[in-house]
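Scroll down for the structure; my scribbles are underneath it.
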Amino acid sequence: QVQLVESGGGLVQAGGSLRLSCAASGRVFGLNIMGWYRQAPGKQRELVALCTSVGTTTYADSVKGRFTISRDNAKNTVYLQMNSLKPEDTAVYYCNVWVGSVSSWGQGTQVTVSS
């Protein structure tokens with residue numbers, strides 16, 4: 001079983017920045033893809049960014065050029081640097097990781113961007 005601990009959410013004004021962190025522990029041997037999803041009220045959960053164990057990244061079009069995903073494999077931790085935040089980025093952000101064929105989700109962290 002994998003445990004995920006997220007941190008870094010909060011309230012920020014439009015144009016500001018936040019950095020999310022997600023640390024994985026437990027049965028993390030074979031940890032591969034680490035990423036972030038988000039879910040706004042009344043909307044479906046959507047992909048924000050992914051990072052493979054070798055550093056290949058994928059971003060949603062809506063965050064390209066503003067968000068940067070990175071990971072520290074020694075710490076089993078993934079980060080999401082969010083710059084130039086917009087009110088439409090307001091959502092609960094969830095960490096997601098794959099260990100082999102098993103996916104695990106974090107509890108979510110609220111990001112609120114005020115206009």
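Each chain of the structure tokens is named A, B, ... in the order shown, its residues numbered from 1; ligands are numbered from 1 in display order.
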
Please extract the residues of region 13-109 of chain A with a backbone DSSP assignment of strand (DSSP E or B) and present them as a ChimeraX atom specification. /A:13,18-26,31-39,46-51,57-59,67-72,77-82,91-99,102-105,109

Leaving out Gly15 (chain A) and any residue of its chain fewer than 4 positions from it, which residues lie within 10 Å of it when counting only C-alpha atoms, given as a PyMOL selection string? chain A and resi 82-87+113-115

In Å, with one decimal, what is the gap from CA of Cys51 (chain A) to CA of Val78 (chain A)?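 CA of Val78 (chain A) lies 8.3 Å from CA of Cys51 (chain A).
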
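Comparing A:Leu31, A:Gly9, A:Asn76, A:Val92 by their smallest distance to Lys43 (chain A), the closest is A:Val92 (using only C-alpha atoms).
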
10 Å contact set for Ser70 (chain A), only C-alpha atoms, chain neighbours under 4 positions out, as number ranges by chain: A: 21, 34-35, 49-52, 55-57, 77-81

When you look at Trp98 (chain A) with a cut-off of 7 Å (counting only C-alpha atoms), what residues show up, excluding the ones that are within fewer than 2 positions of it in the same chain? I need them as a PDB file with N, CA and C atoms, in the first residue's frame.
ATOM      1  N   LEU A  31       7.961   2.601  -8.290  1.00  0.00           N
ATOM      2  CA  LEU A  31       7.223   3.844  -8.500  1.00  0.00           C
ATOM      3  C   LEU A  31       7.539   4.396  -9.877  1.00  0.00           C
ATOM      4  N   ASN A  32       6.546   4.642 -10.659  1.00  0.00           N
ATOM      5  CA  ASN A  32       6.755   5.094 -12.034  1.00  0.00           C
ATOM      6  C   ASN A  32       6.182   6.488 -12.225  1.00  0.00           C
ATOM      7  N   ILE A  33       4.972   6.561 -12.740  1.00  0.00           N
ATOM      8  CA  ILE A  33       4.388   7.865 -13.050  1.00  0.00           C
ATOM      9  C   ILE A  33       3.909   8.539 -11.769  1.00  0.00           C
ATOM     10  N   MET A  34       4.249   9.815 -11.644  1.00  0.00           N
ATOM     11  CA  MET A  34       3.724  10.665 -10.571  1.00  0.00           C
ATOM     12  C   MET A  34       3.103  11.886 -11.224  1.00  0.00           C
ATOM     13  N   GLY A 100       3.898   0.057 -10.425  1.00  0.00           N
ATOM     14  CA  GLY A 100       3.507  -1.051 -11.286  1.00  0.00           C
ATOM     15  C   GLY A 100       2.182  -0.712 -11.946  1.00  0.00           C
ATOM     16  N   SER A 101       1.199  -1.568 -11.773  1.00  0.00           N
ATOM     17  CA  SER A 101      -0.110  -1.345 -12.378  1.00  0.00           C
ATOM     18  C   SER A 101      -1.138  -0.817 -11.378  1.00  0.00           C
ATOM     19  N   VAL A 102      -0.665  -0.390 -10.225  1.00  0.00           N
ATOM     20  CA  VAL A 102      -1.554   0.076  -9.167  1.00  0.00           C
ATOM     21  C   VAL A 102      -1.469   1.589  -9.044  1.00  0.00           C
ATOM     22  N   SER A 103      -2.635   2.228  -9.087  1.00  0.00           N
ATOM     23  CA  SER A 103      -2.724   3.683  -8.964  1.00  0.00           C
ATOM     24  C   SER A 103      -3.189   4.069  -7.571  1.00  0.00           C
ATOM     25  N   SER A 104      -2.602   5.120  -7.017  1.00  0.00           N
ATOM     26  CA  SER A 104      -2.994   5.615  -5.700  1.00  0.00           C
ATOM     27  C   SER A 104      -3.217   7.120  -5.769  1.00  0.00           C
TER      28      SER A 104
END
